[in-house]
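Trainee: File target04.txt below, compact mmCIF, C-alpha atoms:
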# COMPACT_ATOMS: atom_id res chain seq x y z
CA MET A 1 6.35 34.82 -12.82
CA LYS A 2 3.14 34.14 -14.73
CA LEU A 3 5.19 32.97 -17.69
CA LEU A 4 7.12 30.52 -15.48
CA SER A 5 3.89 29.19 -14.00
CA LEU A 6 2.42 28.76 -17.47
CA CYS A 7 5.52 26.86 -18.64
CA THR A 8 5.26 24.58 -15.60
CA GLY A 9 1.61 23.87 -16.42
CA LEU A 10 2.54 23.01 -20.00
CA LEU A 11 5.25 20.64 -18.77
CA ALA A 12 2.65 18.83 -16.64
CA LEU A 13 0.31 18.48 -19.62
CA ILE A 14 2.97 16.85 -21.80
CA GLY A 15 3.77 14.22 -19.17
CA THR A 16 6.89 15.65 -17.52
CA PRO A 17 7.96 13.57 -14.46
CA LEU A 18 6.17 14.55 -11.27
CA PHE A 19 9.30 15.47 -9.28
CA ILE A 20 10.30 18.05 -11.92
CA ILE A 21 6.86 19.68 -11.75
CA ILE A 22 6.87 19.81 -7.93
CA ALA A 23 10.45 21.12 -7.77
CA ALA A 24 9.69 23.76 -10.40
CA LEU A 25 6.64 24.94 -8.47
CA ALA A 26 8.73 25.17 -5.29
CA LEU A 27 11.42 27.23 -7.06
CA ILE A 28 8.82 29.57 -8.56
CA ALA A 29 7.07 29.96 -5.20
CA PHE A 30 10.25 30.76 -3.24
CA HIS A 31 11.41 33.15 -5.98
CA GLY A 32 8.05 34.91 -5.87
CA VAL A 33 8.41 35.78 -2.16
CA GLY A 34 12.09 36.75 -2.46
CA ILE A 35 13.63 33.74 -0.66
CA ASP A 36 17.03 32.46 -1.82
CA LEU A 37 16.48 29.42 -4.04
CA SER A 38 19.24 27.47 -2.27
CA VAL A 39 16.65 26.72 0.43
CA VAL A 40 15.11 24.18 -1.97
CA ILE A 41 18.38 22.25 -2.21
CA ILE A 42 18.81 22.47 1.57
CA GLU A 43 15.36 20.98 2.14
CA MET A 44 16.07 18.20 -0.34
CA SER A 45 19.39 17.32 1.30
CA ARG A 46 17.79 17.40 4.75
CA LEU A 47 15.58 14.51 3.68
CA ALA A 48 18.63 12.28 3.33
CA ASP A 49 19.28 12.66 7.07
CA THR A 50 15.86 11.26 8.01
CA PRO A 51 16.57 7.99 9.88
CA LEU A 52 13.18 6.44 9.07
CA LEU A 53 13.88 6.78 5.36
CA LEU A 54 16.50 4.02 5.58
CA SER A 55 13.81 1.38 5.92
CA LEU A 56 12.20 2.20 2.56
CA PRO A 57 14.86 0.89 0.12
CA LEU A 58 15.47 -2.20 2.27
CA PHE A 59 11.82 -3.22 2.45
CA ILE A 60 11.41 -2.49 -1.28
CA PHE A 61 14.42 -4.72 -2.02
CA ALA A 62 13.00 -7.51 0.16
CA GLY A 63 9.62 -7.25 -1.58
CA THR A 64 11.21 -7.32 -5.03
CA MET A 65 13.23 -10.40 -4.09
CA LEU A 66 10.08 -12.19 -2.92
CA SER A 67 8.21 -11.34 -6.12
CA GLU A 68 11.07 -12.65 -8.28
CA SER A 69 11.40 -15.91 -6.33
CA GLY A 70 9.22 -18.96 -5.90
CA ALA A 71 7.79 -17.62 -2.63
CA PRO A 72 4.32 -16.88 -4.08
CA GLN A 73 3.93 -20.47 -5.27
CA ARG A 74 5.13 -21.90 -1.94
CA LEU A 75 2.80 -19.68 0.10
CA LEU A 76 -0.10 -20.55 -2.19
CA ARG A 77 0.52 -24.31 -1.82
CA LEU A 78 0.78 -24.03 1.94
CA SER A 79 -2.36 -21.90 2.24
CA ARG A 80 -4.28 -24.34 0.07
CA ALA A 81 -3.17 -27.27 2.21
CA LEU A 82 -4.15 -25.40 5.40
CA PHE A 83 -7.45 -23.82 4.33
CA GLY A 84 -8.56 -25.75 1.26
CA TRP A 85 -11.09 -27.68 3.34
CA VAL A 86 -13.16 -24.64 4.41
CA PRO A 87 -16.08 -23.34 2.28
CA GLY A 88 -14.61 -20.92 -0.24
CA GLY A 89 -11.18 -22.24 0.71
CA LEU A 90 -9.33 -21.20 -2.42
CA ALA A 91 -10.92 -17.74 -2.42
CA VAL A 92 -9.92 -17.31 1.23
CA ILE A 93 -6.41 -18.45 0.33
CA ALA A 94 -6.26 -15.91 -2.51
CA LEU A 95 -7.20 -13.09 -0.14
CA LEU A 96 -4.71 -14.14 2.54
CA VAL A 97 -1.77 -14.67 0.19
CA CYS A 98 -2.43 -11.47 -1.75
CA ALA A 99 -2.69 -9.46 1.49
CA VAL A 100 0.64 -10.82 2.76
CA PHE A 101 2.31 -10.32 -0.60
CA THR A 102 1.05 -6.74 -1.02
CA ALA A 103 2.24 -5.88 2.49
CA PHE A 104 5.81 -6.64 1.38
CA THR A 105 5.66 -5.34 -2.19
CA GLY A 106 3.29 -2.36 -1.95
CA ALA A 107 0.37 -1.64 -4.29
CA THR A 108 2.52 -1.49 -7.40
CA GLY A 109 0.64 -4.08 -9.46
CA VAL A 110 3.14 -6.80 -8.56
CA THR A 111 0.51 -8.84 -6.72
CA ILE A 112 -1.84 -9.00 -9.72
CA PHE A 113 0.95 -10.03 -12.08
CA ALA A 114 2.85 -12.34 -9.71
CA LEU A 115 -0.15 -14.16 -8.22
CA GLY A 116 -2.89 -13.56 -10.80
CA GLY A 117 -1.45 -16.11 -13.20
CA LEU A 118 -1.45 -18.72 -10.43
CA LEU A 119 -4.81 -17.91 -8.83
CA TYR A 120 -6.98 -17.33 -11.89
CA PRO A 121 -6.71 -20.83 -13.43
CA ALA A 122 -6.88 -22.45 -9.98
CA LEU A 123 -10.11 -20.61 -9.08
CA ILE A 124 -11.68 -21.38 -12.45
CA ALA A 125 -10.71 -25.06 -12.08
CA ASP A 126 -12.44 -25.08 -8.67
CA HIS A 127 -15.67 -23.94 -10.42
CA TYR A 128 -15.65 -20.33 -9.21
CA PRO A 129 -17.54 -18.04 -11.64
CA GLU A 130 -15.24 -16.04 -13.88
CA LYS A 131 -16.84 -12.74 -12.84
CA PHE A 132 -16.22 -13.51 -9.16
CA THR A 133 -12.66 -14.64 -9.89
CA LEU A 134 -11.77 -11.47 -11.78
CA GLY A 135 -13.29 -9.28 -9.07
CA LEU A 136 -11.50 -11.15 -6.30
CA ILE A 137 -8.04 -10.96 -7.87
CA THR A 138 -8.44 -7.32 -8.95
CA THR A 139 -9.54 -6.26 -5.47
CA SER A 140 -6.82 -8.32 -3.80
CA GLY A 141 -4.15 -6.49 -5.82
CA SER A 142 -4.06 -3.67 -3.26
CA LEU A 143 -5.31 -5.60 -0.23
CA GLY A 144 -2.74 -5.59 2.57
CA LEU A 145 -1.55 -1.98 2.40
CA LEU A 146 -2.37 -1.56 6.09
CA PHE A 147 -0.26 -4.52 7.21
CA PRO A 148 3.41 -4.05 8.15
CA PRO A 149 5.91 -3.61 6.61
CA SER A 150 3.83 -1.71 4.03
CA VAL A 151 5.99 0.82 2.16
CA PRO A 152 3.10 3.35 1.90
CA LEU A 153 2.70 3.19 5.69
CA ILE A 154 6.38 4.02 6.10
CA LEU A 155 6.16 6.83 3.55
CA TYR A 156 3.15 8.34 5.32
CA GLY A 157 5.08 8.23 8.59
CA VAL A 158 8.03 10.06 7.02
CA ILE A 159 5.87 12.78 5.45
CA ALA A 160 3.51 13.26 8.42
CA GLU A 161 6.36 12.86 10.95
CA THR A 162 4.40 10.10 12.70
CA PRO A 163 6.12 7.13 14.41
CA ILE A 164 6.19 4.21 12.01
CA ASP A 165 5.95 1.60 14.76
CA ARG A 166 2.62 3.14 15.83
CA LEU A 167 1.38 3.10 12.24
CA PHE A 168 2.35 -0.56 11.91
CA LEU A 169 0.24 -1.41 14.95
CA ALA A 170 -2.63 0.86 13.94
CA GLY A 171 -3.07 -0.83 10.57
CA ILE A 172 -3.46 -4.40 11.86
CA LEU A 173 -7.09 -4.37 13.09
CA PRO A 174 -8.49 -2.23 10.22
CA GLY A 175 -6.64 -4.45 7.75
CA LEU A 176 -8.09 -7.55 9.41
CA LEU A 177 -11.58 -6.03 9.31
CA MET A 178 -11.41 -5.62 5.53
CA LEU A 179 -9.93 -9.08 5.14
CA VAL A 180 -12.57 -10.77 7.32
CA LEU A 181 -15.49 -9.09 5.53
CA LEU A 182 -14.11 -10.11 2.14
CA VAL A 183 -13.49 -13.65 3.42
CA LEU A 184 -17.10 -13.95 4.66
CA TYR A 185 -18.43 -12.76 1.30
CA SER A 186 -16.16 -15.19 -0.55
CA MET A 187 -17.27 -18.09 1.62
CA ALA A 188 -20.91 -17.22 0.95
CA LYS A 189 -20.27 -17.19 -2.81
CA SER A 190 -18.17 -20.36 -2.92
CA PRO A 191 -19.07 -23.41 -5.02
CA PRO A 192 -19.66 -26.79 -3.29
CA LEU A 193 -16.62 -28.50 -1.80
CA HIS A 194 -15.05 -31.50 -3.54
CA PRO A 195 -14.10 -33.95 -0.74
CA GLU A 196 -11.60 -35.91 -2.81
CA GLY A 197 -9.66 -32.83 -3.81
CA GLN A 198 -9.66 -31.46 -0.25
CA ALA A 199 -8.34 -34.74 1.15
CA ALA A 200 -5.51 -34.67 -1.38
CA GLU A 201 -4.62 -31.13 -0.30
CA ARG A 202 -4.50 -32.09 3.37
CA ALA A 203 -2.17 -34.96 2.48
CA THR A 204 0.32 -32.48 1.05
CA LEU A 205 0.34 -30.29 4.18
CA ARG A 206 3.68 -31.54 5.49
CA THR A 207 5.36 -31.09 2.11
CA ALA A 208 3.91 -27.60 1.69
CA LEU A 209 4.83 -26.61 5.23
CA THR A 210 8.41 -27.79 4.75
CA ALA A 211 8.73 -25.91 1.45
CA ALA A 212 7.45 -22.60 2.91
CA ALA A 213 9.12 -22.96 6.31
CA TRP A 214 11.75 -20.30 5.58
CA GLU A 215 9.21 -17.64 4.47
CA LEU A 216 6.89 -18.07 7.46
CA PRO A 217 9.09 -16.26 10.02
CA LEU A 218 9.08 -12.98 8.02
CA PRO A 219 6.12 -11.33 9.85
CA VAL A 220 7.60 -12.44 13.18
CA ILE A 221 10.94 -10.86 12.29
CA VAL A 222 9.33 -7.53 11.45
CA LEU A 223 6.69 -7.26 14.19
CA GLY A 224 8.38 -9.33 16.89
CA GLY A 225 11.68 -7.54 16.40
CA ILE A 226 10.19 -4.04 16.58
CA TYR A 227 7.67 -4.56 19.39
CA GLY A 228 9.94 -6.92 21.27
CA GLY A 229 12.40 -4.04 21.57
CA ILE A 230 15.11 -5.91 19.69
CA PHE A 231 15.51 -3.32 16.93
CA VAL A 232 13.92 -0.19 15.43
CA ALA A 233 12.11 -0.03 12.07
CA SER A 234 15.22 0.66 9.99
CA GLU A 235 17.10 -2.21 11.66
CA ALA A 236 14.09 -4.48 11.10
CA ALA A 237 14.22 -3.57 7.41
CA ALA A 238 17.92 -4.45 7.22
CA VAL A 239 17.40 -7.80 8.96
CA THR A 240 14.40 -8.57 6.70
CA ALA A 241 16.34 -7.75 3.52
CA LEU A 242 19.30 -9.88 4.62
CA TYR A 243 17.03 -12.77 5.64
CA VAL A 244 15.13 -12.73 2.31
CA LEU A 245 18.42 -12.55 0.41
CA LEU A 246 19.83 -15.61 2.20
CA VAL A 247 16.59 -17.62 1.90
CA GLU A 248 15.86 -16.96 -1.77
CA VAL A 249 19.45 -17.01 -3.05
CA ALA A 250 21.38 -19.37 -0.79
CA ILE A 251 18.71 -21.74 0.58
CA HIS A 252 15.95 -22.08 -2.03
CA ARG A 253 18.24 -20.92 -4.84
CA ASP A 254 15.27 -19.46 -6.72
CA ILE A 255 17.39 -16.46 -7.69
CA ALA A 256 20.81 -16.93 -9.23
CA TRP A 257 23.64 -14.67 -8.08
CA SER A 258 23.85 -13.34 -11.62
CA ARG A 259 20.28 -11.99 -11.35
CA LEU A 260 20.93 -10.04 -8.16
CA PRO A 261 22.33 -6.90 -9.86
CA ARG A 262 19.22 -6.60 -12.05
CA ILE A 263 16.91 -7.04 -9.05
CA MET A 264 18.88 -4.46 -7.07
CA VAL A 265 18.70 -1.98 -9.93
CA HIS A 266 14.95 -2.53 -10.33
CA SER A 267 14.20 -2.08 -6.63
CA MET A 268 16.46 0.97 -6.30
CA MET A 269 14.86 2.56 -9.36
CA LEU A 270 11.52 2.25 -7.60
CA PHE A 271 12.98 3.76 -4.43
CA GLY A 272 14.76 6.47 -6.44
CA GLY A 273 11.48 7.50 -8.02
CA ILE A 274 9.88 7.78 -4.59
CA LEU A 275 12.89 9.64 -3.17
CA VAL A 276 13.11 12.36 -5.84
CA VAL A 277 9.37 13.02 -5.67
CA LEU A 278 9.54 13.12 -1.87
CA ALA A 279 12.58 15.43 -1.90
CA ALA A 280 10.90 17.87 -4.27
CA SER A 281 7.72 17.67 -2.22
CA MET A 282 9.57 18.53 1.02
CA ALA A 283 10.67 21.84 -0.48
CA SER A 284 7.19 22.79 -1.65
CA THR A 285 5.68 21.62 1.66
CA ASN A 286 7.95 23.90 3.66
CA PHE A 287 6.94 26.82 1.46
CA LEU A 288 3.28 26.07 2.14
CA ILE A 289 3.93 25.91 5.88
CA ASP A 290 6.00 29.11 5.78
CA GLN A 291 3.14 30.90 4.02
CA GLN A 292 0.61 29.39 6.49
CA VAL A 293 -1.34 27.78 3.64
CA PRO A 294 -2.54 24.79 5.73
CA MET A 295 -3.87 27.11 8.44
CA ARG A 296 -5.65 29.31 5.92
CA LEU A 297 -7.07 26.18 4.29
CA PHE A 298 -8.27 25.00 7.70
CA GLU A 299 -9.97 28.32 8.40
CA THR A 300 -11.70 28.18 5.00
CA VAL A 301 -12.88 24.62 5.54
CA ARG A 302 -13.92 25.43 9.12
CA HIS A 303 -16.04 28.30 7.83
CA TYR A 304 -18.20 25.85 5.86
CA ILE A 305 -17.81 22.66 7.91
CA SER A 306 -18.01 22.87 11.69
CA SER A 307 -18.61 19.18 12.47
CA LYS A 308 -15.72 16.74 12.67
CA TYR A 309 -17.93 13.97 11.28
CA THR A 310 -19.04 16.03 8.30
CA PHE A 311 -15.40 16.81 7.62
CA LEU A 312 -14.59 13.09 7.66
CA ILE A 313 -17.30 12.44 5.05
CA VAL A 314 -15.89 15.16 2.78
CA LEU A 315 -12.33 13.91 3.42
CA ASN A 316 -13.24 10.36 2.41
CA LEU A 317 -14.92 11.52 -0.81
CA PHE A 318 -11.90 13.67 -1.65
CA LEU A 319 -9.39 10.89 -0.92
CA LEU A 320 -11.35 8.35 -2.96
CA VAL A 321 -11.06 10.67 -5.95
CA VAL A 322 -7.35 11.14 -5.24
CA GLY A 323 -6.89 7.36 -5.01
CA VAL A 324 -8.54 6.90 -8.39
CA LEU A 325 -6.54 9.60 -10.17
CA LEU A 326 -3.05 9.26 -8.64
CA ASP A 327 -0.74 6.39 -7.78
CA ILE A 328 -0.35 5.92 -4.06
CA PHE A 329 3.14 7.43 -3.74
CA SER A 330 2.25 10.61 -5.65
CA ALA A 331 -0.95 10.95 -3.61
CA LEU A 332 0.98 10.68 -0.35
CA VAL A 333 3.60 13.32 -1.14
CA LEU A 334 1.12 15.75 -2.68
CA VAL A 335 -1.85 15.53 -0.32
CA VAL A 336 -0.60 14.49 3.14
CA PRO A 337 1.20 17.82 3.91
CA LEU A 338 -2.03 19.73 3.28
CA ILE A 339 -4.47 17.31 4.93
CA VAL A 340 -2.62 16.56 8.20
CA PRO A 341 -2.77 20.12 9.68
CA VAL A 342 -6.42 20.53 8.67
CA ALA A 343 -7.40 17.16 10.17
CA GLN A 344 -5.53 17.94 13.39
CA GLY A 345 -7.59 21.11 13.65
CA TYR A 346 -10.66 18.88 13.87
CA GLY A 347 -9.03 16.76 16.57
CA ILE A 348 -8.25 13.75 14.36
CA ASP A 349 -5.27 11.72 15.52
CA PRO A 350 -2.48 11.65 12.86
CA VAL A 351 -2.16 7.87 13.25
CA HIS A 352 -5.89 7.35 12.69
CA LEU A 353 -5.74 9.80 9.78
CA GLY A 354 -2.96 7.73 8.20
CA ILE A 355 -5.11 4.58 8.31
CA ILE A 356 -8.09 6.47 6.83
CA PHE A 357 -5.82 7.91 4.14
CA LEU A 358 -4.34 4.58 3.07
CA THR A 359 -7.71 2.79 3.23
CA ASN A 360 -9.13 5.33 0.78
CA LEU A 361 -6.15 5.01 -1.55
CA GLN A 362 -6.38 1.22 -1.42
CA ILE A 363 -10.06 1.37 -2.42
CA GLY A 364 -9.27 3.96 -5.09
CA TYR A 365 -7.06 1.42 -6.87
CA CYS A 366 -10.12 -0.67 -7.79
CA THR A 367 -12.67 2.15 -8.15
CA PRO A 368 -14.07 2.93 -11.63
CA PRO A 369 -13.50 4.55 -13.99
CA VAL A 370 -9.69 4.76 -13.84
CA GLY A 371 -8.55 2.80 -10.76
CA MET A 372 -5.07 1.44 -11.48
CA SER A 373 -5.82 -2.17 -10.48
CA LEU A 374 -8.70 -2.28 -12.97
CA PHE A 375 -6.40 -1.51 -15.88
CA LEU A 376 -3.63 -3.80 -14.63
CA ALA A 377 -6.10 -6.70 -14.32
CA SER A 378 -7.60 -5.85 -17.72
CA TYR A 379 -4.13 -6.09 -19.26
CA ARG A 380 -3.12 -9.20 -17.29
CA PHE A 381 -6.27 -11.23 -18.05
CA GLU A 382 -7.03 -9.68 -21.47
CA ARG A 383 -10.54 -8.62 -20.51
CA PRO A 384 -12.36 -5.33 -21.30
CA VAL A 385 -12.00 -2.89 -18.42
CA VAL A 386 -15.80 -2.46 -18.33
CA GLU A 387 -16.03 -6.16 -17.46
CA LEU A 388 -13.70 -5.50 -14.54
CA TYR A 389 -15.98 -2.65 -13.38
CA ARG A 390 -18.89 -5.07 -12.98
CA ALA A 391 -16.74 -7.82 -11.46
CA THR A 392 -15.29 -5.64 -8.69
CA LEU A 393 -18.54 -3.90 -7.69
CA PRO A 394 -19.58 -6.29 -4.85
CA PHE A 395 -16.05 -6.24 -3.41
CA LEU A 396 -15.99 -2.45 -3.69
CA VAL A 397 -19.20 -2.17 -1.66
CA ILE A 398 -17.67 -4.32 1.09
CA LEU A 399 -14.51 -2.20 1.15
CA LEU A 400 -16.58 0.99 1.39
CA ILE A 401 -18.46 -0.46 4.38
CA SER A 402 -15.06 -1.20 5.96
CA LEU A 403 -13.98 2.38 5.27
CA ILE A 404 -17.02 3.77 7.10
CA ILE A 405 -16.29 1.61 10.14
CA ILE A 406 -12.57 2.48 10.12
CA THR A 407 -13.36 6.20 9.80
CA TYR A 408 -15.98 6.48 12.53
CA VAL A 409 -14.57 3.95 15.00
CA PRO A 410 -11.10 5.37 15.71
CA ALA A 411 -10.56 2.82 18.49
CA LEU A 412 -10.16 0.19 15.79
CA SER A 413 -6.97 1.94 14.69
CA LEU A 414 -5.79 3.26 18.05
CA TRP A 415 -6.54 0.45 20.51
CA LEU A 416 -3.38 -1.58 19.87
CA VAL A 417 -1.34 1.63 19.78
CA GLY A 418 -2.65 2.53 23.25
CA LEU A 419 -1.66 -0.84 24.66
CA VAL A 420 2.05 -0.36 23.94
CA ARG A 421 2.42 3.26 25.02
Once you've parsed the file, please lay out its structure as structure tokens.

Mentor:
Amino acid sequence: MKLLSLCTGLLALIGTPLFIIIAALALIAFHGVGIDLSVVIIEMSRLADTPLLLSLPLFIFAGTMLSESGAPQRLLRLSRALFGWVPGGLAVIALLVCAVFTAFTGATGVTIFALGGLLYPALIADHYPEKFTLGLITTSGSLGLLFPPSVPLILYGVIAETPIDRLFLAGILPGLLMLVLLVLYSMAKSPPLHPEGQAAERATLRTALTAAAWELPLPVIVLGGIYGGIFVASEAAAVTALYVLLVEVAIHRDIAWSRLPRIMVHSMMLFGGILVVLAASMASTNFLIDQQVPMRLFETVRHYISSKYTFLIVLNLFLLVVGVLLDIFSALVLVVPLIVPVAQGYGIDPVHLGIIFLTNLQIGYCTPPVGMSLFLASYRFERPVVELYRATLPFLVILLISLIIITYVPALSLWLVGLVR
């Protein structure tokens, strides 16, 4: 048994895929307590019967289609025509477009690569300081994780067995809080307006609105369909994927039919990676529950921390570290099964916990020294990562203030949820 555990540790050190490590640990654990190893396969297959899981590949496909099309450029032109006249207009536009785009694509670095090349030269041309521009785009790379139809929100719901429609509602106000605070900071830091340029942008409003008219209904399809009682989350995902396919392939013709197989393969590879990690994690999670590990962990934590608010401070510090070290999907499947029972012991609502969890992971993406967005932006803009550390610091402070409010004002997450019960 010790030899098997040692071999598993060595596999992790040499970069073996995460799902192999998790599955191996589950097999070793079940073998160690004398349980037939077929239970691991049973738990993995049981995941395929989870209805909520159907929405994941469909939303991922829709997000991949949007990133491969001309949708980012159309949304950027429309936003600039609508908001270019306000102080800090282009910075506000960058935040809004990146938030919407990340909500559909997830925090996979797509936003930085798809929109960074458009936003960076535009912001520099509008006389925004380079340091501010780099910080804004790097931070915006994960902004929007709390807005539906965020894939991490869906994945949290599957793992924590929490209704996804409630999570979609719960993320709206906290997401808007972060967005508004960043918008106010960006407006305060904006260079003077150029009246001639703003007038030209307003003149293009009709053209920009016409060009982006087919993308604008997407949030209405997702939210209006679910909360209007027209369809459930998985059906909303199917309708969204079909709608995006028709718009980008048949109407705008940004994507040729010959490119569809490659896009499908790319999006399903992303889903497949999530699925195998999640399947392996389900087996190990059930072992932990069977051995009452979460309850023993709760008793240990309770012995040292009696206050719910102190626990929330420790939880945030822990999750920030997790967000820095792990990608968001690995963090969800590894940490959520352990944290949810402990948090429930302190009376924390699972929906509120999900918003706290994802807020921390979103901030972790742009937190030094190894936040993923920092390295992606460093590669995309060919700047030293230390320069990105300094550039993102003011934005990071604002996000941390948002985290404190989201953590200690649960009504911000739960108010909309309570209205539709």

Trainee: Have a look at A:Leu399, A:Ile348, A:Met65, A:Ala212 and name the one nearest to Leu361 of chain A; count only C-alpha atoms.

Mentor: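 The closest residue to Leu361 of chain A is A:Leu399.
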
Trainee: Atom CA of Ser150 of chain A to atom CA of Glu215 of chain A: how many Å, to one decimal?

Mentor: 16.8 Å

Trainee: A:Gly345, A:Gly273, A:Pro369, A:Gly157: which is nearest Arg302 of chain A, counting all atoms listed in the file?

Mentor: A:Gly345

Trainee: Between atom CA of Thr359 of chain A and atom CA of Gly175 of chain A, what is the distance, to one decimal in Å?

Mentor: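 Those two atoms sit 8.6 Å apart.
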
Trainee: Counting all atoms listed in the file, figure out which residue out of A:Val247, A:Leu76, A:Ile159, A:Ala103 gets nearest to Leu338 of chain A.

Mentor: A:Ile159

Trainee: I want to know what sits within 12 Å of Glu130 of chain A, based on only C-alpha atoms, with residues of the same chain fewer than 2 positions away left out; could you give that as a CSV table (one decimal) with C-alpha atoms, in the frame of the given file?

Mentor:
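Produced file selection-v1.csv, reproduced below:
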chain,number,residue,atom,x,y,z
A,119,LEU,CA,-4.8,-17.9,-8.8
A,120,TYR,CA,-7.0,-17.3,-11.9
A,121,PRO,CA,-6.7,-20.8,-13.4
A,122,ALA,CA,-6.9,-22.4,-10.0
A,123,LEU,CA,-10.1,-20.6,-9.1
A,124,ILE,CA,-11.7,-21.4,-12.4
A,125,ALA,CA,-10.7,-25.1,-12.1
A,126,ASP,CA,-12.4,-25.1,-8.7
A,127,HIS,CA,-15.7,-23.9,-10.4
A,128,TYR,CA,-15.6,-20.3,-9.2
A,132,PHE,CA,-16.2,-13.5,-9.2
A,133,THR,CA,-12.7,-14.6,-9.9
A,134,LEU,CA,-11.8,-11.5,-11.8
A,135,GLY,CA,-13.3,-9.3,-9.1
A,136,LEU,CA,-11.5,-11.2,-6.3
A,137,ILE,CA,-8.0,-11.0,-7.9
A,381,PHE,CA,-6.3,-11.2,-18.0
A,383,ARG,CA,-10.5,-8.6,-20.5
A,387,GLU,CA,-16.0,-6.2,-17.5
A,388,LEU,CA,-13.7,-5.5,-14.5
A,390,ARG,CA,-18.9,-5.1,-13.0
A,391,ALA,CA,-16.7,-7.8,-11.5
A,392,THR,CA,-15.3,-5.6,-8.7

Trainee: I want to know what sits within 12 Å of Thr102 of chain A, based on all atoms listed in the file, with residues of the same chain fewer than 6 positions away left out; could you give that as number ranges by chain?

Mentor: A: 59-60, 63-64, 66-67, 72, 94-96, 108-115, 139-152, 175, 362

Trainee: Which residues come within 10 Å of segment 252-255 of chain A, counting all atoms listed in the file, excluding same-chain residues fewer than 2 positions away, as an mmCIF file with C-alpha atoms, in the frame of the given file?

Mentor:
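For reference, result_34.cif as written:
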data_model
loop_
_atom_site.group_PDB
_atom_site.id
_atom_site.type_symbol
_atom_site.label_atom_id
_atom_site.label_comp_id
_atom_site.auth_asym_id
_atom_site.auth_seq_id
_atom_site.Cartn_x
_atom_site.Cartn_y
_atom_site.Cartn_z
ATOM 1 C CA MET A 65 13.230 -10.400 -4.090
ATOM 2 C CA LEU A 66 10.080 -12.190 -2.920
ATOM 3 C CA GLU A 68 11.070 -12.650 -8.280
ATOM 4 C CA SER A 69 11.400 -15.910 -6.330
ATOM 5 C CA GLY A 70 9.220 -18.960 -5.900
ATOM 6 C CA ALA A 71 7.790 -17.620 -2.630
ATOM 7 C CA ALA A 211 8.730 -25.910 1.450
ATOM 8 C CA ALA A 212 7.450 -22.600 2.910
ATOM 9 C CA TRP A 214 11.750 -20.300 5.580
ATOM 10 C CA LEU A 245 18.420 -12.550 0.410
ATOM 11 C CA LEU A 246 19.830 -15.610 2.200
ATOM 12 C CA VAL A 247 16.590 -17.620 1.900
ATOM 13 C CA GLU A 248 15.860 -16.960 -1.770
ATOM 14 C CA VAL A 249 19.450 -17.010 -3.050
ATOM 15 C CA ALA A 250 21.380 -19.370 -0.790
ATOM 16 C CA TRP A 257 23.640 -14.670 -8.080
ATOM 17 C CA SER A 258 23.850 -13.340 -11.620
ATOM 18 C CA ARG A 259 20.280 -11.990 -11.350
ATOM 19 C CA LEU A 260 20.930 -10.040 -8.160
ATOM 20 C CA ILE A 263 16.910 -7.040 -9.050
#

Trainee: Restricting the calculation to all atoms listed in the file: of A:Gly229, A:Val97, A:Ile404, A:Thr210, which residue gets closest to Arg80 of chain A?

Mentor: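 Of the candidates, the smallest distance to Arg80 of chain A is held by A:Val97.
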
Trainee: Return the single residue from A:Val335, A:Tyr304, A:Ile251, A:Pro174 that is closest to Val409 of chain A, with distances computed using only C-alpha atoms.

Mentor: A:Pro174

Trainee: Restricting the calculation to only C-alpha atoms, which member of A:Thr240, A:Thr367, A:Ser55, A:Ser307 is positioned closest to Ile164 of chain A?

Mentor: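 Counting only C-alpha atoms, the residue closest to Ile164 of chain A is A:Ser55.
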
Trainee: Can you tell me, as a ChimeraX atom specification, what residues are no more than 12 Å from segment 317-324 of chain A when counting only C-alpha atoms, ignoring any on the same chain fewer than 3 positions away?

Mentor: /A:107,142,310-314,327-336,339,353-375,396,399-400,403-404,407

Trainee: Hey, can you check how far atom CA of Ala62 of chain A sits from atom CA of Leu167 of chain A?

Mentor: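 We find that atom CA of Ala62 of chain A and atom CA of Leu167 of chain A lie 19.8 Å from each other.
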
Trainee: So which residues touch Gly224 of chain A within 12 Å, counting only C-alpha atoms, skipping near sequence neighbours fewer than 6 positions away, as a list in words?

Mentor: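 The contact residues come out as Pro148, Asp165, Phe168, Leu169, Pro217, Leu218, Ile230, Phe231, Val232, Ala233, Ala236 and Thr240 of chain A.
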
Trainee: Emit the selected residues as a PDB file, keeping the file's coordinate frame, including C-alpha atoms.

Mentor:
ATOM      1  CA  PRO A 148       3.410  -4.050   8.150  1.00  0.00           C
ATOM      2  CA  ASP A 165       5.950   1.600  14.760  1.00  0.00           C
ATOM      3  CA  PHE A 168       2.350  -0.560  11.910  1.00  0.00           C
ATOM      4  CA  LEU A 169       0.240  -1.410  14.950  1.00  0.00           C
ATOM      5  CA  PRO A 217       9.090 -16.260  10.020  1.00  0.00           C
ATOM      6  CA  LEU A 218       9.080 -12.980   8.020  1.00  0.00           C
ATOM      7  CA  ILE A 230      15.110  -5.910  19.690  1.00  0.00           C
ATOM      8  CA  PHE A 231      15.510  -3.320  16.930  1.00  0.00           C
ATOM      9  CA  VAL A 232      13.920  -0.190  15.430  1.00  0.00           C
ATOM     10  CA  ALA A 233      12.110  -0.030  12.070  1.00  0.00           C
ATOM     11  CA  ALA A 236      14.090  -4.480  11.100  1.00  0.00           C
ATOM     12  CA  THR A 240      14.400  -8.570   6.700  1.00  0.00           C
TER      13      THR A 240
END
